[in-house]
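S.K.: I have a structure I would like to understand better, so I am pasting it below and will then ask my questions one at a time.
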Amino acid sequence: MCHHHDILRSNSKDLKKIEKQMDRRQFLTKTSMGLGAIALGSLFGADRLLAGTGGDNPISGIKGIPGLPHHLPKAKRVVYLFQSGGPSQFETFDYKPKLTDMFGQELPESIRGGQRLTGMSAQQSSLPIAPSKYTFDQYGESRAWVSELMPHTAEVVDDLCFIKSMYTEQINHDPAITFFQTGHQLPGRPSIGAWASYGLGTDNQDLPTFITLVSKNAGGQPLYSRLWGNGFLPTEHQGVQFRSGKDPVLYLNNPENYEGKDRQRMLHYLKEMNEVQHSTYGDPEINARIAQYEMAFKMQTSVPEVTDLSSESDETFDMYGPDSRDPGTYAANCLLARRLLEKDVKFVQLYHRGWDQHTHLPGGIKNQCKNTDQATAALVKDLKQRGLLEDTLVIWGGEFGRTVYSQGKLTQDNYGRDHHPRCFTMWMAGAGVKPGFTHGETDDFSYNITKDPVHVHDFHATLLHLMGVDHEKLTYKAQGRRFRLTDVHGHVVKDILS
């Protein structure tokens, strides 16, 4: 066993200091069966390591907070289809027929009410009204209005709960997206999925609790990993990004010519050093890192299995659309999301960029809908036919809406729309929400909310409620104060609950 001690004889001042603080017997006592050793037990055979202890492995995946969930959850898992850029409600779900006769007229000041504009249209001498170029119709027993651009979503409206009265304070992309993902417009707070992981733990021991998928080759506003980060929560709660290509998770595979025994020896030494560090400094991030090494080891087997779509039937691929055969596309990510949800991954987040149409909106949004509509509807159908929709919450929406007036020149065939945070549409489906239901209303210009407003904090409070969490009680103390996803705001939108 002397080689265990020799490994610490390095040039590191910290490690030399630690060496002086303990003799060989103390070292072996502290490192032979500590928390990290148990966490890494599965790397070397947990059954042997724990033989005779009479108990289960205490670190088999991420554990939630004792006492959670606060009440019986309706949603065991969530998939959030985030449409980055701000989809126009006028060309999707918020039908405004009276605008047709107002083409080119000036937006009434009584409607604008002095609301701020972005710097991109604030200098326009005119704010001409731009009715949608696309037609709407009613579908399903719920008679929900849907644009001709969303024919597949139109088929599942009786499973959807539309919220047409969403609003936010953020008028530009980065703070607005950050606000939706973390409950605060400035970076640094934990994301929704990280909060869910921290509070509720995992139902799958072989995959991360929180997984993120970003559509490949989709232009638009940049996305940053902090949007699915852990903020001040322990690092094992951050989202893990799955990518297309031969390495779905970066740095997971062993390097070439590096055998399992080499890795086992390296991890064993690393575990010994981490144990010494933890016993000396007591930093909880050390144990978090050990848990991440354990998860990485498990993922070397679980990730190739779950990301291999070859077992899916032709009928399934046809349902999600031709792009579903191309890994990394939105359609393929929707199909992969269903596979992850089947494995009881707690929170799956899809990001699809490109909804930011300041100019040439008719053509741009037509392409966006073509790339996303079929797969979105297919995911709802697929979850439903597999019996998963009843305890899975599906969310669709962006960070804000678009203006009724045209940004730039308005013509019969072309127009643009600027950012509009005052009202926009999202939808939810599945666990715990009313199917075939519409909540909230906007005025004839979709510029102001006229009934049942829903703020981002309300949305977060409702999402957590569906997962069995009281948003006011899920807190974490950092830098001297207790934080929560909804900050000091938020009310559960009880009207949409089933």
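A note on labels: chains of the structure tokens are A, B, ... as shown, every chain counts residues from 1, and ligands are counted from 1 in their shown order.
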Determine which residues of stretch 243-377 of chain A receive a DSSP assignment of helix (DSSP H, G or I), computed from the backbone, and state them as a ChimeraX atom specification.
M.R.: /A:260-281,284-307,309-311,314-320,322-325,330-342,361-377
S.K.: Give me the residues within 12 Å of A:Ser311 as a PyMOL selection string, counting only C-alpha atoms and dropping any in the same chain fewer than 5 places off.
M.R.: chain A and resi 305-306+316-317+325+335-336+339
S.K.: Enumerate, in order of chain and increasing residue number, the residues of stretch 312-415 of chain A with an atom no farther than 9 Å from stretch 427-436 of chain A, each with its shortest atom pair and distance in Å to one decimal, counting only C-alpha atoms, as a tab-separated table.
M.R.:
residue	atom	partner	partner_atom	distance
A:Val380	CA	A:Ala429	CA	7.7
A:Leu383	CA	A:Gly430	CA	8.9
A:Lys384	CA	A:Gly430	CA	8.3
A:Leu388	CA	A:Gly430	CA	8.5
A:Leu389	CA	A:Gly430	CA	4.9
A:Glu390	CA	A:Ala431	CA	4.8
A:Asp391	CA	A:Ala431	CA	4.5
A:Thr392	CA	A:Ala431	CA	5.1
A:Leu393	CA	A:Gly430	CA	4.9
A:Val394	CA	A:Ala429	CA	5.0
A:Ile395	CA	A:Met428	CA	4.5
A:Trp396	CA	A:Trp427	CA	5.4
A:Gly397	CA	A:Trp427	CA	6.7
S.K.: Go ahead and dump the residues you just picked, N, CA and C atoms, as a compact mmCIF listing (two decimals), in the first residue's frame.
M.R.:
# COMPACT_ATOMS: atom_id res chain seq x y z
N VAL A 380 -45.36 15.02 -28.84
CA VAL A 380 -46.58 14.95 -28.03
C VAL A 380 -47.32 13.65 -28.33
N LEU A 383 -45.26 10.52 -26.97
CA LEU A 383 -45.36 10.38 -25.51
C LEU A 383 -46.74 9.86 -25.12
N LYS A 384 -47.77 10.36 -25.80
CA LYS A 384 -49.14 9.96 -25.47
C LYS A 384 -49.37 8.48 -25.78
N LEU A 388 -46.68 8.01 -21.63
CA LEU A 388 -45.75 8.86 -20.89
C LEU A 388 -46.26 10.29 -20.70
N LEU A 389 -47.21 10.70 -21.54
CA LEU A 389 -47.65 12.10 -21.48
C LEU A 389 -48.35 12.42 -20.17
N GLU A 390 -48.99 11.42 -19.57
CA GLU A 390 -49.76 11.66 -18.35
C GLU A 390 -48.88 12.06 -17.17
N ASP A 391 -47.59 11.72 -17.21
CA ASP A 391 -46.70 12.18 -16.13
C ASP A 391 -45.44 12.87 -16.67
N THR A 392 -45.53 13.36 -17.90
CA THR A 392 -44.46 14.18 -18.49
C THR A 392 -45.03 15.53 -18.87
N LEU A 393 -44.36 16.59 -18.50
CA LEU A 393 -44.78 17.94 -18.87
C LEU A 393 -43.98 18.41 -20.08
N VAL A 394 -44.68 18.79 -21.15
CA VAL A 394 -44.06 19.33 -22.36
C VAL A 394 -44.31 20.83 -22.41
N ILE A 395 -43.27 21.61 -22.68
CA ILE A 395 -43.38 23.08 -22.74
C ILE A 395 -42.83 23.56 -24.07
N TRP A 396 -43.52 24.49 -24.71
CA TRP A 396 -43.08 25.10 -25.97
C TRP A 396 -43.16 26.62 -25.83
N GLY A 397 -42.09 27.33 -26.20
CA GLY A 397 -42.15 28.79 -26.18
C GLY A 397 -40.78 29.42 -26.25
S.K.: For a test of reading the model, state the distance in Å between atom CA of A:Phe136 and atom CA of A:Pro322, rounded to one decimal.
M.R.: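 Taking atom CA of A:Phe136 as the start and atom CA of A:Pro322 as the end point, the length is 25.7 Å.
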S.K.: Pick out the closest residue to A:Gly401 from this set: A:Ala375, A:Ile192, A:Met166, A:Val454. Count only C-alpha atoms.
M.R.: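 Of A:Ala375, A:Ile192, A:Met166, A:Val454, the one nearest A:Gly401 is A:Met166, counting only C-alpha atoms.
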S.K.: Figure out the distance between atom CA of A:Ser446 and atom CA of A:Gln170, please, to one decimal in Å.
M.R.: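 Taking atom CA of A:Gln170 and atom CA of A:Ser446, their separation equals 17.3 Å.
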S.K.: With only C-alpha atoms as the basis for distance, which of A:Arg77, A:His465, A:His360, A:Lys381 is at the shortest distance from A:Asp159?
M.R.: A:Lys381
S.K.: With only C-alpha atoms counted and 9 Å as the cut-off, give the residues of stretch 154-197 of chain A in contact with stretch 476-484 of chain A, each with its shortest interatomic distance in Å and the pair that gives it, as JSON lines.
M.R.:
{"residue": "A:Gly183", "atom": "CA", "partner": "A:Arg484", "partner_atom": "CA", "distance": 8.5}
{"residue": "A:Arg189", "atom": "CA", "partner": "A:Phe483", "partner_atom": "CA", "distance": 8.8}
{"residue": "A:Pro190", "atom": "CA", "partner": "A:Arg484", "partner_atom": "CA", "distance": 8.9}
{"residue": "A:Trp195", "atom": "CA", "partner": "A:Arg484", "partner_atom": "CA", "distance": 8.5}
S.K.: Go ahead and write the selection's residues with N, CA, C and O atoms as a CSV table (one decimal), in the first residue's frame.
M.R.:
chain,number,residue,atom,x,y,z
A,183,GLY,N,-34.6,32.6,-13.9
A,183,GLY,CA,-35.4,33.5,-13.0
A,183,GLY,C,-34.8,34.8,-12.7
A,183,GLY,O,-35.3,35.5,-11.9
A,189,ARG,N,-27.3,32.7,-11.8
A,189,ARG,CA,-28.2,31.9,-11.0
A,189,ARG,C,-28.3,30.5,-11.6
A,189,ARG,O,-28.1,30.3,-12.8
A,190,PRO,N,-28.8,29.5,-10.8
A,190,PRO,CA,-29.0,28.2,-11.3
A,190,PRO,C,-30.2,28.1,-12.3
A,190,PRO,O,-31.2,28.9,-12.2
A,195,TRP,N,-32.2,23.4,-10.6
A,195,TRP,CA,-33.1,23.5,-9.4
A,195,TRP,C,-33.8,22.2,-9.2
A,195,TRP,O,-34.0,21.6,-8.1
S.K.: Taking the DSSP secondary structure from the backbone, can you list the residues of stretch 37-163 of chain A that are strand (DSSP E or B), as a ChimeraX atom specification?
M.R.: /A:63,77-83,106,128-129,136-139,144-147,160-163
S.K.: Which residues are near A:Gly490? Cut-off 6 Å, only C-alpha atoms, ignore same chain within fewer than 4 positions. Put them as a list of chain:residue names.
M.R.: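 In the requested form, the answer reads A:His457, A:Asp458, A:Ala461, A:Thr486.
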S.K.: Any idea what's packed within 12 Å of A:Ser142, counting only C-alpha atoms, ignoring anything in its chain fewer than 4 positions away? Could you give it as a ChimeraX atom specification?
M.R.: /A:138,146,154-162,434-438
S.K.: Could you take the residues named above and write them with all heavy atoms, as a compact mmCIF listing (two decimals), in the first residue's frame?
M.R.:
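Final output, saved to again_33.txt:
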# COMPACT_ATOMS: atom_id res chain seq x y z
N GLN A 138 -59.65 26.98 -37.08
CA GLN A 138 -59.89 26.36 -35.78
C GLN A 138 -59.81 24.84 -35.90
O GLN A 138 -60.24 24.26 -36.91
CB GLN A 138 -61.26 26.77 -35.24
CG GLN A 138 -61.31 28.23 -34.80
CD GLN A 138 -62.69 28.62 -34.31
OE1 GLN A 138 -63.61 28.78 -35.12
NE2 GLN A 138 -62.84 28.76 -32.99
N VAL A 146 -55.09 28.09 -34.99
CA VAL A 146 -53.70 27.78 -35.32
C VAL A 146 -53.42 28.25 -36.74
O VAL A 146 -54.25 28.12 -37.64
CB VAL A 146 -53.40 26.26 -35.20
CG1 VAL A 146 -51.94 25.96 -35.54
CG2 VAL A 146 -53.72 25.76 -33.80
N ALA A 154 -51.56 21.65 -35.20
CA ALA A 154 -53.02 21.75 -35.25
C ALA A 154 -53.69 20.41 -34.94
O ALA A 154 -54.81 20.37 -34.42
CB ALA A 154 -53.46 22.26 -36.62
N GLU A 155 -53.01 19.31 -35.24
CA GLU A 155 -53.58 17.99 -35.01
C GLU A 155 -53.60 17.59 -33.53
O GLU A 155 -54.32 16.66 -33.15
CB GLU A 155 -52.78 16.93 -35.80
CG GLU A 155 -52.84 17.11 -37.31
CD GLU A 155 -51.92 16.12 -38.04
OE1 GLU A 155 -51.28 15.29 -37.34
OE2 GLU A 155 -51.84 16.18 -39.27
N VAL A 156 -52.81 18.29 -32.70
CA VAL A 156 -52.72 17.88 -31.28
C VAL A 156 -53.24 18.97 -30.34
O VAL A 156 -52.98 18.93 -29.14
CB VAL A 156 -51.26 17.52 -30.90
CG1 VAL A 156 -50.80 16.30 -31.68
CG2 VAL A 156 -50.31 18.69 -31.08
N VAL A 157 -54.00 19.95 -30.87
CA VAL A 157 -54.43 21.07 -30.01
C VAL A 157 -55.26 20.61 -28.82
O VAL A 157 -55.25 21.27 -27.77
CB VAL A 157 -55.21 22.13 -30.82
CG1 VAL A 157 -54.31 22.88 -31.76
CG2 VAL A 157 -56.40 21.51 -31.54
N ASP A 158 -55.96 19.50 -28.94
CA ASP A 158 -56.78 19.04 -27.82
C ASP A 158 -55.94 18.46 -26.68
O ASP A 158 -56.48 18.14 -25.61
CB ASP A 158 -57.81 18.02 -28.30
CG ASP A 158 -58.94 18.68 -29.09
OD1 ASP A 158 -59.11 19.90 -28.95
OD2 ASP A 158 -59.63 17.97 -29.85
N ASP A 159 -54.64 18.33 -26.91
CA ASP A 159 -53.72 17.93 -25.85
C ASP A 159 -52.97 19.13 -25.26
O ASP A 159 -52.23 18.96 -24.29
CB ASP A 159 -52.69 16.92 -26.38
CG ASP A 159 -53.32 15.59 -26.76
OD1 ASP A 159 -54.08 15.05 -25.94
OD2 ASP A 159 -53.07 15.11 -27.89
N LEU A 160 -53.13 20.31 -25.87
CA LEU A 160 -52.32 21.47 -25.48
C LEU A 160 -53.09 22.42 -24.58
O LEU A 160 -54.31 22.55 -24.68
CB LEU A 160 -51.84 22.22 -26.73
CG LEU A 160 -51.14 21.41 -27.83
CD1 LEU A 160 -50.63 22.35 -28.92
CD2 LEU A 160 -50.01 20.57 -27.26
N CYS A 161 -52.34 23.09 -23.73
CA CYS A 161 -52.87 24.16 -22.89
C CYS A 161 -52.13 25.45 -23.29
O CYS A 161 -50.96 25.62 -22.96
CB CYS A 161 -52.63 23.85 -21.41
SG CYS A 161 -53.21 25.13 -20.29
N PHE A 162 -52.83 26.31 -24.03
CA PHE A 162 -52.21 27.56 -24.51
C PHE A 162 -52.26 28.63 -23.43
O PHE A 162 -53.27 28.80 -22.75
CB PHE A 162 -52.95 28.08 -25.75
CG PHE A 162 -52.75 27.24 -26.98
CD1 PHE A 162 -53.70 26.28 -27.35
CD2 PHE A 162 -51.63 27.39 -27.77
CE1 PHE A 162 -53.53 25.51 -28.48
CE2 PHE A 162 -51.45 26.62 -28.90
CZ PHE A 162 -52.40 25.68 -29.25
N LYS A 434 -54.52 21.42 -18.02
CA LYS A 434 -55.78 21.16 -18.73
C LYS A 434 -55.53 20.99 -20.22
O LYS A 434 -54.98 21.89 -20.86
CB LYS A 434 -56.75 22.33 -18.51
CG LYS A 434 -57.29 22.47 -17.10
CD LYS A 434 -58.21 23.67 -16.99
CE LYS A 434 -58.72 23.85 -15.57
NZ LYS A 434 -59.56 25.08 -15.42
N PRO A 435 -55.95 19.89 -20.81
CA PRO A 435 -55.81 19.72 -22.26
C PRO A 435 -56.91 20.46 -23.00
O PRO A 435 -58.02 20.62 -22.49
CB PRO A 435 -55.93 18.21 -22.44
CG PRO A 435 -56.80 17.76 -21.30
CD PRO A 435 -56.50 18.68 -20.15
N GLY A 436 -56.60 20.93 -24.20
CA GLY A 436 -57.59 21.63 -25.01
C GLY A 436 -58.10 22.89 -24.35
O GLY A 436 -59.28 23.21 -24.42
N PHE A 437 -57.20 23.64 -23.72
CA PHE A 437 -57.59 24.80 -22.92
C PHE A 437 -56.75 26.01 -23.31
O PHE A 437 -55.57 25.88 -23.65
CB PHE A 437 -57.39 24.49 -21.43
CG PHE A 437 -57.88 25.57 -20.50
CD1 PHE A 437 -59.23 25.78 -20.30
CD2 PHE A 437 -56.97 26.37 -19.83
CE1 PHE A 437 -59.67 26.76 -19.43
CE2 PHE A 437 -57.40 27.35 -18.95
CZ PHE A 437 -58.76 27.56 -18.75
N THR A 438 -57.35 27.19 -23.29
CA THR A 438 -56.63 28.43 -23.54
C THR A 438 -56.79 29.36 -22.36
O THR A 438 -57.91 29.62 -21.91
CB THR A 438 -57.15 29.13 -24.82
OG1 THR A 438 -56.86 28.31 -25.96
CG2 THR A 438 -56.47 30.48 -25.01
S.K.: Please indicate the distance in Å from atom CA of A:Leu213 to atom CA of A:Glu236, rounded to one decimal place.
M.R.: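 Computed distance, atom CA of A:Leu213 to atom CA of A:Glu236, equals 17.7 Å.
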S.K.: Go through A:Lys451, A:His184, A:Arg386, A:His420 one by one, measure the shortest atom-to-atom distance of each to A:Asp487 using only C-alpha atoms, and give the residue with the smallest value.
M.R.: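 Result for the nearest residue to A:Asp487: A:His184.
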S.K.: Which of these, A:Leu223, A:Leu267, A:Leu252, A:Val240, has the shortest distance to A:Pro208 once you count only C-alpha atoms?
M.R.: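 Using only C-alpha atoms, A:Pro208 sits closest to A:Val240.
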S.K.: Residues at most 7 Å from stretch 412-416 of chain A, counting only C-alpha atoms, excluding those fewer than 2 positions away in the same chain, as a PyMOL selection string?
M.R.: chain A and resi 357-362+406-410+418
S.K.: Name the residues in contact with A:Tyr95 at a cut-off of 12 Å, using only C-alpha atoms, excluding same-chain residues fewer than 6 positions from it; report them as a list of chain:residue names.
M.R.: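 In the requested form, the answer reads A:Ser88, A:Gln89, A:Pro131, A:Ser132, A:Lys133, A:Tyr134, A:Thr135, A:Phe136, A:Asp137, A:Gln138, A:Ala144, A:Trp145, A:Val146, A:Ser147, A:Glu148, A:Lys164, A:Val404, A:Phe424, A:Thr425, A:Glu441, A:Thr442, A:Asp443, A:Asp444, A:Phe445, A:Ser446.
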S.K.: Just the selected residues (N, CA and C atoms), exported as a short mmCIF file (atom, residue, chain, number, x, y, z; two decimals), in the first residue's frame, please.
M.R.:
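Once written, selection-v4.cif looks like this:
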data_model
loop_
_atom_site.label_atom_id
_atom_site.label_comp_id
_atom_site.auth_asym_id
_atom_site.auth_seq_id
_atom_site.Cartn_x
_atom_site.Cartn_y
_atom_site.Cartn_z
N SER A 88 -43.06 34.84 -33.34
CA SER A 88 -44.16 35.78 -33.47
C SER A 88 -45.49 35.09 -33.16
N GLN A 89 -46.22 35.65 -32.22
CA GLN A 89 -47.54 35.11 -31.88
C GLN A 89 -48.54 35.33 -33.02
N PRO A 131 -50.62 43.14 -40.52
CA PRO A 131 -51.40 41.92 -40.28
C PRO A 131 -50.60 40.70 -40.75
N SER A 132 -50.87 39.55 -40.16
CA SER A 132 -50.19 38.34 -40.60
C SER A 132 -50.54 38.02 -42.04
N LYS A 133 -49.54 37.59 -42.77
CA LYS A 133 -49.76 37.18 -44.16
C LYS A 133 -50.43 35.81 -44.22
N TYR A 134 -50.40 35.08 -43.14
CA TYR A 134 -50.86 33.68 -43.15
C TYR A 134 -52.25 33.54 -42.53
N THR A 135 -52.97 32.55 -43.03
CA THR A 135 -54.35 32.34 -42.59
C THR A 135 -54.40 31.45 -41.34
N PHE A 136 -55.51 31.55 -40.63
CA PHE A 136 -55.74 30.76 -39.43
C PHE A 136 -57.01 29.95 -39.59
N ASP A 137 -57.09 28.87 -38.82
CA ASP A 137 -58.33 28.09 -38.77
C ASP A 137 -58.46 27.49 -37.38
N GLN A 138 -59.65 26.98 -37.08
CA GLN A 138 -59.89 26.36 -35.78
C GLN A 138 -59.81 24.84 -35.90
N ALA A 144 -59.31 25.51 -31.15
CA ALA A 144 -58.17 26.41 -30.98
C ALA A 144 -57.74 26.96 -32.34
N TRP A 145 -57.39 28.25 -32.36
CA TRP A 145 -56.90 28.88 -33.58
C TRP A 145 -55.42 28.57 -33.78
N VAL A 146 -55.09 28.09 -34.99
CA VAL A 146 -53.70 27.78 -35.32
C VAL A 146 -53.42 28.25 -36.74
N SER A 147 -52.21 28.79 -36.93
CA SER A 147 -51.80 29.27 -38.25
C SER A 147 -51.61 28.13 -39.24
N GLU A 148 -51.75 28.45 -40.50
CA GLU A 148 -51.51 27.45 -41.55
C GLU A 148 -50.06 26.95 -41.54
N LYS A 164 -51.84 32.51 -23.61
CA LYS A 164 -51.68 33.61 -24.56
C LYS A 164 -51.34 34.93 -23.88
N VAL A 404 -46.79 44.20 -33.27
CA VAL A 404 -47.83 44.25 -34.31
C VAL A 404 -47.39 45.14 -35.46
N PHE A 424 -47.20 37.49 -25.20
CA PHE A 424 -46.86 36.47 -26.19
C PHE A 424 -47.45 35.13 -25.76
N THR A 425 -47.32 34.13 -26.63
CA THR A 425 -47.98 32.84 -26.41
C THR A 425 -46.97 31.72 -26.16
N GLU A 441 -55.95 36.39 -22.46
CA GLU A 441 -56.33 37.04 -23.71
C GLU A 441 -55.51 38.31 -23.89
N THR A 442 -55.34 38.69 -25.16
CA THR A 442 -54.68 39.95 -25.50
C THR A 442 -55.64 40.84 -26.28
N ASP A 443 -55.28 42.11 -26.43
CA ASP A 443 -56.15 43.03 -27.17
C ASP A 443 -56.10 42.73 -28.67
N ASP A 444 -56.83 43.52 -29.45
CA ASP A 444 -56.93 43.27 -30.89
C ASP A 444 -55.60 43.44 -31.62
N PHE A 445 -54.62 44.02 -30.95
CA PHE A 445 -53.31 44.27 -31.56
C PHE A 445 -52.24 43.33 -30.97
N SER A 446 -52.65 42.41 -30.11
CA SER A 446 -51.71 41.56 -29.37
C SER A 446 -50.55 42.40 -28.84
#
